[in-house]
Amino acid sequence: MSQSKSFTLLESVIVLFIFAALALCALSVPKESEAKMQTRFLKSYDSFFNQAQLLAQRENHDVDFIFKHRTITFISQKGQKRELVIPKGLHAESRRLALKANGYVAPTSIVFLDDRGKPRFSLVYSLGFGNYRVADRD
């Protein structure tokens, strides 16, 4: 009797089935939905903005808020600097805000866009004294 050193058809099908199942599992890993990503980012931004307000009050100086394409930075007059990265899939209009020592922010809005350039939401500073609201653009 001669022994073959190759796979049988049944063994090959089983191996292909295992690879297909692994590939299917890898593809079915759910990505974070855009709504959840936006909610998580806005919570981070709220904390980030509160830190800037506290710093402005503690130092009794204005804090500059700089919105760039993929980052938001605040810089105090004493040189303290913090940065928040905007998540993938979003970017902000370039804008500069001044957060006054008393918490006041001049009325303005910052539009956040998706990668196709479609507006997703805005941060609207119209209530004065560091209050803002989120306006959806969908």
# chains A, B, ... in the order shown; residues from 1 in each chain; ligands from 1

$ residues_around --residues "region 96-111 of chain A" --least-positions-apart "3" --cutoff "12 Å" --atoms "only C-alpha atoms" --output "PyMOL selection string"
chain A and resi 49-69+72-77+90-93+114+117-137

$ atom_distance --atom1 "CA of Ser94 (chain A)" --atom2 "CA of Lys36 (chain A)"
24.0 Å

$ select_by_dssp --residues "region 27-104 of chain A" --states "strand (DSSP E)" --output "list of chain:residue names"
A:Val63, A:Asp64, A:Phe65, A:Ile66, A:Phe67, A:Thr71, A:Ile72, A:Thr73, A:Phe74, A:Ile75, A:Ser76, A:Lys81, A:Arg82, A:Glu83, A:Leu84, A:Val85, A:Leu90, A:His91, A:Ala92, A:Arg95, A:Arg96, A:Leu97, A:Ala98, A:Leu99

$ atom_distance --atom1 "CA of Ala21 (chain A)" --atom2 "CA of Leu9 (chain A)"
18.3 Å

$ atom_distance --atom1 "CA of Leu27 (chain A)" --atom2 "CA of Arg70 (chain A)"
27.6 Å

$ closest_residue --among "A:Leu24, A:Arg116, A:Val85, A:Phe17" --to "Ser44 (chain A)" --atoms "only C-alpha atoms"
A:Val85

$ decode --residues "region 42-53 of chain A" --atoms "all heavy atoms" --output "short mmCIF file (atom, residue, chain, number, x, y, z; two decimals), in the first residue's frame"
data_model
loop_
_atom_site.label_atom_id
_atom_site.label_comp_id
_atom_site.auth_asym_id
_atom_site.auth_seq_id
_atom_site.Cartn_x
_atom_site.Cartn_y
_atom_site.Cartn_z
N LEU A 42 -17.99 64.32 22.72
CA LEU A 42 -18.59 65.48 23.38
C LEU A 42 -18.43 65.43 24.89
O LEU A 42 -18.24 66.46 25.53
CB LEU A 42 -20.06 65.62 22.98
CG LEU A 42 -20.28 66.05 21.53
CD1 LEU A 42 -21.74 65.97 21.16
CD2 LEU A 42 -19.73 67.45 21.29
N LYS A 43 -18.45 64.24 25.47
CA LYS A 43 -18.18 64.11 26.91
C LYS A 43 -16.73 64.49 27.21
O LYS A 43 -16.45 65.19 28.19
CB LYS A 43 -18.45 62.68 27.39
CG LYS A 43 -19.91 62.37 27.54
CD LYS A 43 -20.12 60.97 28.06
CE LYS A 43 -21.61 60.65 28.15
NZ LYS A 43 -21.83 59.27 28.62
N SER A 44 -15.81 64.04 26.35
CA SER A 44 -14.40 64.41 26.53
C SER A 44 -14.21 65.92 26.38
O SER A 44 -13.46 66.54 27.13
CB SER A 44 -13.52 63.70 25.50
OG SER A 44 -13.56 62.32 25.67
N TYR A 45 -14.90 66.51 25.40
CA TYR A 45 -14.78 67.94 25.18
C TYR A 45 -15.33 68.72 26.38
O TYR A 45 -14.75 69.72 26.79
CB TYR A 45 -15.51 68.37 23.90
CG TYR A 45 -15.44 69.87 23.71
CD1 TYR A 45 -14.26 70.46 23.26
CD2 TYR A 45 -16.50 70.69 24.04
CE1 TYR A 45 -14.16 71.83 23.13
CE2 TYR A 45 -16.41 72.05 23.92
CZ TYR A 45 -15.25 72.62 23.46
OH TYR A 45 -15.14 73.98 23.35
N ASP A 46 -16.43 68.25 26.95
CA ASP A 46 -17.02 68.93 28.10
C ASP A 46 -16.03 68.96 29.26
O ASP A 46 -15.83 70.00 29.89
CB ASP A 46 -18.32 68.23 28.51
CG ASP A 46 -19.12 69.04 29.49
OD1 ASP A 46 -19.30 70.25 29.25
OD2 ASP A 46 -19.56 68.47 30.50
N SER A 47 -15.39 67.84 29.51
CA SER A 47 -14.37 67.77 30.57
C SER A 47 -13.19 68.69 30.25
O SER A 47 -12.67 69.40 31.10
CB SER A 47 -13.91 66.33 30.74
OG SER A 47 -12.85 66.24 31.63
N PHE A 48 -12.77 68.65 28.99
CA PHE A 48 -11.65 69.46 28.52
C PHE A 48 -11.97 70.96 28.69
O PHE A 48 -11.14 71.74 29.18
CB PHE A 48 -11.41 69.12 27.05
CG PHE A 48 -10.22 69.77 26.41
CD1 PHE A 48 -8.94 69.37 26.71
CD2 PHE A 48 -10.40 70.77 25.47
CE1 PHE A 48 -7.84 69.95 26.09
CE2 PHE A 48 -9.31 71.36 24.85
CZ PHE A 48 -8.03 70.95 25.17
N PHE A 49 -13.17 71.36 28.32
CA PHE A 49 -13.58 72.76 28.43
C PHE A 49 -13.66 73.18 29.90
O PHE A 49 -13.25 74.29 30.25
CB PHE A 49 -14.93 72.97 27.73
CG PHE A 49 -15.34 74.40 27.65
CD1 PHE A 49 -14.72 75.27 26.77
CD2 PHE A 49 -16.33 74.90 28.47
CE1 PHE A 49 -15.09 76.60 26.69
CE2 PHE A 49 -16.71 76.23 28.41
CZ PHE A 49 -16.09 77.08 27.51
N ASN A 50 -14.17 72.30 30.76
CA ASN A 50 -14.23 72.61 32.19
C ASN A 50 -12.84 72.80 32.79
O ASN A 50 -12.64 73.67 33.63
CB ASN A 50 -14.98 71.51 32.95
CG ASN A 50 -16.47 71.54 32.68
OD1 ASN A 50 -17.02 72.57 32.31
ND2 ASN A 50 -17.13 70.41 32.84
N GLN A 51 -11.86 72.00 32.34
CA GLN A 51 -10.48 72.18 32.79
C GLN A 51 -9.96 73.56 32.40
O GLN A 51 -9.30 74.24 33.19
CB GLN A 51 -9.56 71.13 32.17
CG GLN A 51 -9.72 69.74 32.71
CD GLN A 51 -8.83 68.76 31.98
OE1 GLN A 51 -8.02 69.13 31.13
NE2 GLN A 51 -8.99 67.49 32.29
N ALA A 52 -10.28 73.98 31.18
CA ALA A 52 -9.83 75.30 30.71
C ALA A 52 -10.49 76.41 31.53
O ALA A 52 -9.84 77.40 31.88
CB ALA A 52 -10.15 75.46 29.23
N GLN A 53 -11.78 76.26 31.84
CA GLN A 53 -12.46 77.26 32.65
C GLN A 53 -11.83 77.37 34.04
O GLN A 53 -11.60 78.48 34.53
CB GLN A 53 -13.94 76.90 32.81
CG GLN A 53 -14.79 77.19 31.60
CD GLN A 53 -16.23 76.83 31.85
OE1 GLN A 53 -16.54 75.75 32.34
NE2 GLN A 53 -17.12 77.74 31.51
#
